[in-house]
Amino acid sequence: MIKENVLLLLNDQIELEAFSSFQYLSMCAWLDNQGFPGAAQFMARQANEEMTHMKKVFDYVMEAGGRAIVPAIPKPQEEFDGFRDVFETALAHERKVTEAIHHIVFESQANKDFTTFNFMQWYVAEQLEEESLFGTILDKIKLLDRDNSTFYHLDRELATMTGKEPSNPA
Ligand SMILES: [Fe+2]
Ligand SMILES: [Fe+2]
């Protein structure tokens with residue numbers, strides 16, 4: 001059985017994961033509107049992933065005999081200063097999520113709730129992946145800002161570029 005204060009934190013996490021999904025969906029809409037369909041698709045995938053994170057905690061709470069609460073989701077940020085700002089906001093958000101997850105791990109251990117402690121290990125590993133992913137994208141954006149986009153796009157193009165064979169040899 002989950003301890004009461006750990007249960008409260010798990011329900012907070014359900015809200016935070018659902019909010020993350022809405023935040024990324026909002027970024028998806030902004031990016032699409034600004035003419036970045038590729039990045040919009042990326043954010044749509046992130047939004048879907050966050051919903052599965054939410055559901056995973058939700059299911060765990062029920063399985064562990066607690067009461068899962070469906071949250072009211074706060075309105076996510078709607079406007080951004082640019083492409084780079086979107087990804088900086090996303091990374092800052094993931095860092096906040098990591099802190100929340102570490103707090104649950106800490107509290108579950110302090111309360112000798114080792115079932116929740118064990119359950120949360122997946123989230124600890126997942127946050128490392130997410131921070132690393134957004135960090136990598138930001139590194140690429142910084143490169144773009146520094147050297148201008150031509151180089152970056154050329155580099156991507158070169159990865160798959162090959163000479164064409166003559167279509168109709170004489
Ligand atoms: Fe998440
Ligand atoms: Fe995330």
# chains A, B, ... in the order shown; residues from 1 in each chain; ligands from 1

$ residues_near_ligand --ligand "ligand 1" --cutoff "12 Å" --atoms "only C-alpha atoms and all ligand atoms" --output "PyMOL selection string"
chain A and resi 13-24+45-57+90-91+93-101+120+122-131

$ write_last_selection --atoms "N, CA and C atoms" --output "compact mmCIF listing (two decimals), in the first residue's frame"
# COMPACT_ATOMS: atom_id res chain seq x y z
N GLN A 13 2.47 13.94 -9.97
CA GLN A 13 3.24 13.52 -11.15
C GLN A 13 2.31 13.23 -12.32
N ILE A 14 1.15 12.66 -12.04
CA ILE A 14 0.14 12.43 -13.08
C ILE A 14 -0.19 13.77 -13.74
N GLU A 15 -0.38 14.79 -12.92
CA GLU A 15 -0.69 16.12 -13.46
C GLU A 15 0.49 16.68 -14.27
N LEU A 16 1.70 16.51 -13.73
CA LEU A 16 2.89 17.07 -14.40
C LEU A 16 3.13 16.40 -15.76
N GLU A 17 2.92 15.09 -15.84
CA GLU A 17 3.11 14.39 -17.12
C GLU A 17 2.03 14.81 -18.12
N ALA A 18 0.80 14.98 -17.63
CA ALA A 18 -0.29 15.43 -18.51
C ALA A 18 -0.02 16.86 -18.98
N PHE A 19 0.47 17.71 -18.06
CA PHE A 19 0.83 19.08 -18.44
C PHE A 19 1.94 19.07 -19.49
N SER A 20 2.94 18.19 -19.29
CA SER A 20 4.04 18.08 -20.26
C SER A 20 3.48 17.78 -21.65
N SER A 21 2.52 16.87 -21.71
CA SER A 21 1.91 16.52 -22.98
C SER A 21 1.24 17.74 -23.61
N PHE A 22 0.51 18.50 -22.82
CA PHE A 22 -0.16 19.71 -23.33
C PHE A 22 0.87 20.75 -23.76
N GLN A 23 1.95 20.88 -22.97
CA GLN A 23 2.99 21.86 -23.31
C GLN A 23 3.60 21.54 -24.67
N TYR A 24 3.88 20.25 -24.91
CA TYR A 24 4.50 19.86 -26.18
C TYR A 24 3.51 19.97 -27.34
N ARG A 45 5.04 13.85 -31.33
CA ARG A 45 5.48 12.54 -30.80
C ARG A 45 5.81 12.65 -29.31
N GLN A 46 6.47 13.77 -28.93
CA GLN A 46 6.79 13.98 -27.51
C GLN A 46 5.51 14.06 -26.68
N ALA A 47 4.53 14.77 -27.23
CA ALA A 47 3.25 14.92 -26.53
C ALA A 47 2.61 13.56 -26.29
N ASN A 48 2.64 12.69 -27.31
CA ASN A 48 2.08 11.34 -27.16
C ASN A 48 2.83 10.55 -26.09
N GLU A 49 4.15 10.67 -26.11
CA GLU A 49 4.96 9.96 -25.12
C GLU A 49 4.60 10.38 -23.70
N GLU A 50 4.42 11.70 -23.51
CA GLU A 50 4.09 12.19 -22.16
C GLU A 50 2.74 11.64 -21.69
N MET A 51 1.82 11.43 -22.61
CA MET A 51 0.54 10.84 -22.23
C MET A 51 0.74 9.41 -21.74
N THR A 52 1.66 8.68 -22.36
CA THR A 52 1.92 7.31 -21.89
C THR A 52 2.61 7.35 -20.52
N HIS A 53 3.46 8.37 -20.29
CA HIS A 53 4.08 8.53 -18.96
C HIS A 53 3.00 8.76 -17.90
N MET A 54 2.05 9.61 -18.26
CA MET A 54 0.95 9.93 -17.34
C MET A 54 0.17 8.65 -17.01
N LYS A 55 -0.17 7.90 -18.06
CA LYS A 55 -0.99 6.70 -17.88
C LYS A 55 -0.28 5.63 -17.06
N LYS A 56 1.04 5.59 -17.23
CA LYS A 56 1.85 4.60 -16.50
C LYS A 56 1.79 4.85 -14.98
N VAL A 57 1.88 6.11 -14.57
CA VAL A 57 1.75 6.43 -13.14
C VAL A 57 0.33 6.15 -12.67
N ALA A 90 11.64 23.68 -23.50
CA ALA A 90 11.41 22.24 -23.33
C ALA A 90 12.47 21.62 -22.42
N LEU A 91 13.73 21.98 -22.62
CA LEU A 91 14.80 21.42 -21.78
C LEU A 91 14.64 21.88 -20.33
N HIS A 93 11.93 22.65 -18.89
CA HIS A 93 10.78 21.92 -18.37
C HIS A 93 11.16 20.50 -17.97
N GLU A 94 11.92 19.83 -18.82
CA GLU A 94 12.35 18.45 -18.51
C GLU A 94 13.19 18.43 -17.23
N ARG A 95 14.00 19.45 -17.03
CA ARG A 95 14.82 19.51 -15.80
C ARG A 95 13.93 19.62 -14.56
N LYS A 96 12.85 20.37 -14.69
CA LYS A 96 11.88 20.48 -13.57
C LYS A 96 11.22 19.14 -13.31
N VAL A 97 10.88 18.43 -14.39
CA VAL A 97 10.26 17.10 -14.26
C VAL A 97 11.23 16.13 -13.57
N THR A 98 12.49 16.20 -13.95
CA THR A 98 13.50 15.34 -13.33
C THR A 98 13.57 15.59 -11.82
N GLU A 99 13.55 16.87 -11.44
CA GLU A 99 13.56 17.21 -10.01
C GLU A 99 12.37 16.60 -9.28
N ALA A 100 11.20 16.70 -9.89
CA ALA A 100 9.97 16.15 -9.28
C ALA A 100 10.10 14.63 -9.11
N ILE A 101 10.65 13.98 -10.12
CA ILE A 101 10.83 12.53 -10.08
C ILE A 101 11.83 12.13 -9.00
N MET A 120 9.69 3.88 -9.77
CA MET A 120 10.18 5.17 -10.25
C MET A 120 11.53 5.10 -10.97
N TRP A 122 12.30 3.54 -13.60
CA TRP A 122 12.08 3.70 -15.05
C TRP A 122 12.06 5.18 -15.41
N TYR A 123 11.42 5.99 -14.56
CA TYR A 123 11.33 7.44 -14.81
C TYR A 123 12.67 8.14 -14.66
N VAL A 124 13.48 7.66 -13.73
CA VAL A 124 14.82 8.23 -13.56
C VAL A 124 15.61 8.03 -14.86
N ALA A 125 15.56 6.80 -15.40
CA ALA A 125 16.28 6.50 -16.64
C ALA A 125 15.69 7.27 -17.82
N GLU A 126 14.37 7.38 -17.87
CA GLU A 126 13.69 8.09 -18.95
C GLU A 126 14.08 9.57 -18.95
N GLN A 127 14.18 10.17 -17.77
CA GLN A 127 14.54 11.60 -17.72
C GLN A 127 15.94 11.85 -18.24
N LEU A 128 16.85 10.92 -17.98
CA LEU A 128 18.20 11.05 -18.51
C LEU A 128 18.14 11.10 -20.04
N GLU A 129 17.33 10.19 -20.62
CA GLU A 129 17.16 10.15 -22.08
C GLU A 129 16.57 11.45 -22.60
N GLU A 130 15.54 11.95 -21.93
CA GLU A 130 14.84 13.14 -22.42
C GLU A 130 15.73 14.39 -22.34
N GLU A 131 16.43 14.54 -21.23
CA GLU A 131 17.33 15.69 -21.11
C GLU A 131 18.44 15.61 -22.15

$ closest_residue --among "A:Glu4, A:Glu88, A:Glu79, A:Glu63" --to "Leu31 in chain A" --atoms "only C-alpha atoms"
A:Glu79

$ closest_residue --among "A:Ala44, A:Arg84, A:Phe106, A:Ala39" --to "Leu143 in chain A" --atoms "only C-alpha atoms"
A:Arg84

$ residues_around --residues "Ala40 in chain A" --least-positions-apart "6" --cutoff "12 Å" --atoms "only C-alpha atoms" --output "PyMOL selection string"
chain A and resi 24-34+46-47+83+86-87

$ write_last_selection --atoms "C-alpha atoms" --output "CSV table (one decimal), in the first residue's frame"
chain,number,residue,atom,x,y,z
A,24,TYR,CA,4.5,19.9,-26.2
A,25,LEU,CA,1.2,19.9,-28.1
A,26,SER,CA,1.2,23.7,-27.7
A,27,MET,CA,4.8,23.8,-29.0
A,28,CYS,CA,3.7,21.5,-31.9
A,29,ALA,CA,1.0,24.1,-32.8
A,30,TRP,CA,3.4,27.0,-32.6
A,31,LEU,CA,6.0,25.3,-34.7
A,32,ASP,CA,3.5,24.2,-37.3
A,33,ASN,CA,2.1,27.7,-37.5
A,34,GLN,CA,5.6,29.2,-38.0
A,46,GLN,CA,6.8,14.0,-27.5
A,47,ALA,CA,3.2,14.9,-26.5
A,83,PHE,CA,12.7,28.1,-32.7
A,86,VAL,CA,10.9,26.4,-27.9
A,87,PHE,CA,13.7,23.9,-27.3

$ atom_distance --atom1 "CA of Ile2 in chain A" --atom2 "CA of Val70 in chain A"
17.7 Å

$ atom_distance --atom1 "CA of Asn5 in chain A" --atom2 "atom 1 (Fe, counted along the ligand's line) of ligand 2"
23.2 Å

$ select_by_dssp --residues "range 29-79 of chain A" --states "alpha helix (DSSP H)" --output "ChimeraX atom specification"
/A:29-33,37-63

$ write_last_selection --atoms "N, CA and C atoms" --output "tab-separated table (two decimals), in the first residue's frame"
chain	number	residue	atom	x	y	z
A	29	ALA	N	1.84	23.11	-32.12
A	29	ALA	CA	0.98	24.06	-32.83
A	29	ALA	C	1.75	25.31	-33.24
A	30	TRP	N	2.59	25.82	-32.33
A	30	TRP	CA	3.38	27.02	-32.62
A	30	TRP	C	4.34	26.77	-33.78
A	31	LEU	N	5.05	25.64	-33.70
A	31	LEU	CA	6.05	25.30	-34.73
A	31	LEU	C	5.38	25.12	-36.09
A	32	ASP	N	4.26	24.43	-36.10
A	32	ASP	CA	3.53	24.21	-37.34
A	32	ASP	C	3.09	25.54	-37.95
A	33	ASN	N	2.61	26.42	-37.06
A	33	ASN	CA	2.14	27.73	-37.50
A	33	ASN	C	3.27	28.61	-38.04
A	37	PRO	N	7.18	22.16	-40.07
A	37	PRO	CA	6.38	20.93	-39.93
A	37	PRO	C	7.17	19.77	-39.34
A	38	GLY	N	8.47	19.70	-39.61
A	38	GLY	CA	9.29	18.61	-39.08
A	38	GLY	C	9.38	18.67	-37.57
A	39	ALA	N	9.70	19.87	-37.04
A	39	ALA	CA	9.80	20.05	-35.60
A	39	ALA	C	8.42	19.89	-34.94
A	40	ALA	N	7.37	20.29	-35.66
A	40	ALA	CA	6.01	20.11	-35.13
A	40	ALA	C	5.70	18.62	-34.96
A	41	GLN	N	6.11	17.81	-35.94
A	41	GLN	CA	5.91	16.36	-35.84
A	41	GLN	C	6.68	15.79	-34.65
A	42	PHE	N	7.88	16.29	-34.46
A	42	PHE	CA	8.70	15.84	-33.33
A	42	PHE	C	7.97	16.12	-32.01
A	43	MET	N	7.44	17.33	-31.88
A	43	MET	CA	6.74	17.71	-30.64
A	43	MET	C	5.44	16.92	-30.46
A	44	ALA	N	4.78	16.59	-31.55
A	44	ALA	CA	3.57	15.78	-31.45
A	44	ALA	C	3.91	14.40	-30.90
A	45	ARG	N	5.04	13.85	-31.33
A	45	ARG	CA	5.48	12.54	-30.80
A	45	ARG	C	5.81	12.65	-29.31
A	46	GLN	N	6.47	13.77	-28.93
A	46	GLN	CA	6.79	13.98	-27.51
A	46	GLN	C	5.51	14.06	-26.68
A	47	ALA	N	4.53	14.77	-27.23
A	47	ALA	CA	3.25	14.92	-26.53
A	47	ALA	C	2.61	13.56	-26.29
A	48	ASN	N	2.64	12.69	-27.31
A	48	ASN	CA	2.08	11.34	-27.16
A	48	ASN	C	2.83	10.55	-26.09
A	49	GLU	N	4.15	10.67	-26.11
A	49	GLU	CA	4.96	9.96	-25.12
A	49	GLU	C	4.60	10.38	-23.70
A	50	GLU	N	4.42	11.70	-23.51
A	50	GLU	CA	4.09	12.19	-22.16
A	50	GLU	C	2.74	11.64	-21.69
A	51	MET	N	1.82	11.43	-22.61
A	51	MET	CA	0.54	10.84	-22.23
A	51	MET	C	0.74	9.41	-21.74
A	52	THR	N	1.66	8.68	-22.36
A	52	THR	CA	1.92	7.31	-21.89
A	52	THR	C	2.61	7.35	-20.52
A	53	HIS	N	3.46	8.37	-20.29
A	53	HIS	CA	4.08	8.53	-18.96
A	53	HIS	C	3.00	8.76	-17.90
A	54	MET	N	2.05	9.61	-18.26
A	54	MET	CA	0.95	9.93	-17.34
A	54	MET	C	0.17	8.65	-17.01
A	55	LYS	N	-0.17	7.90	-18.06
A	55	LYS	CA	-0.99	6.70	-17.88
A	55	LYS	C	-0.28	5.63	-17.06
A	56	LYS	N	1.04	5.59	-17.23
A	56	LYS	CA	1.85	4.60	-16.50
A	56	LYS	C	1.79	4.85	-14.98
A	57	VAL	N	1.88	6.11	-14.57
A	57	VAL	CA	1.75	6.43	-13.14
A	57	VAL	C	0.33	6.15	-12.67
A	58	PHE	N	-0.61	6.55	-13.50
A	58	PHE	CA	-2.04	6.36	-13.20
A	58	PHE	C	-2.34	4.88	-12.92
A	59	ASP	N	-1.86	4.02	-13.83
A	59	ASP	CA	-2.08	2.57	-13.69
A	59	ASP	C	-1.36	2.02	-12.45
A	60	TYR	N	-0.16	2.55	-12.20
A	60	TYR	CA	0.60	2.07	-11.04
A	60	TYR	C	-0.15	2.38	-9.74
A	61	VAL	N	-0.65	3.61	-9.63
A	61	VAL	CA	-1.38	4.01	-8.42
A	61	VAL	C	-2.56	3.07	-8.19
A	62	MET	N	-3.30	2.78	-9.25
A	62	MET	CA	-4.46	1.87	-9.12
A	62	MET	C	-4.02	0.47	-8.71
A	63	GLU	N	-2.96	-0.01	-9.36
A	63	GLU	CA	-2.47	-1.36	-9.08
A	63	GLU	C	-1.98	-1.47	-7.64

$ atom_distance --atom1 "CA of Thr136 in chain A" --atom2 "CA of Gly82 in chain A"
17.7 Å

$ closest_atom_pairs --of "range 2-33 of chain A" --to "range 102-105 of chain A" --cutoff "10 Å" --atoms "only C-alpha atoms" --output "CSV"
residue,atom,partner,partner_atom,distance
A:Asn5,CA,A:Ile104,CA,9.6
A:Val6,CA,A:Ile104,CA,6.9
A:Leu7,CA,A:Ile104,CA,9.5
A:Leu8,CA,A:Ile104,CA,9.8
A:Leu9,CA,A:Ile104,CA,6.4
A:Leu10,CA,A:Ile104,CA,7.4
A:Asp12,CA,A:Ile104,CA,10.0
A:Gln13,CA,A:Ile104,CA,8.8

$ closest_residue --among "A:Ser167, A:Thr116, A:Ser132, A:Asn111" --to "ligand 2" --atoms "only C-alpha atoms and all ligand atoms"
A:Ser132

$ closest_residue --among "A:Asp139, A:Phe134, A:Leu144, A:Lys112" --to "ligand 2" --atoms "only C-alpha atoms and all ligand atoms"
A:Phe134

$ residues_around --residues "Asp113 in chain A" --least-positions-apart "4" --cutoff "10 Å" --atoms "only C-alpha atoms" --output "list of chain:residue names"
A:Met1, A:Ile2, A:Lys3, A:Val6, A:Val105, A:Glu107, A:Ser108, A:Gln109, A:Phe117, A:Asn118
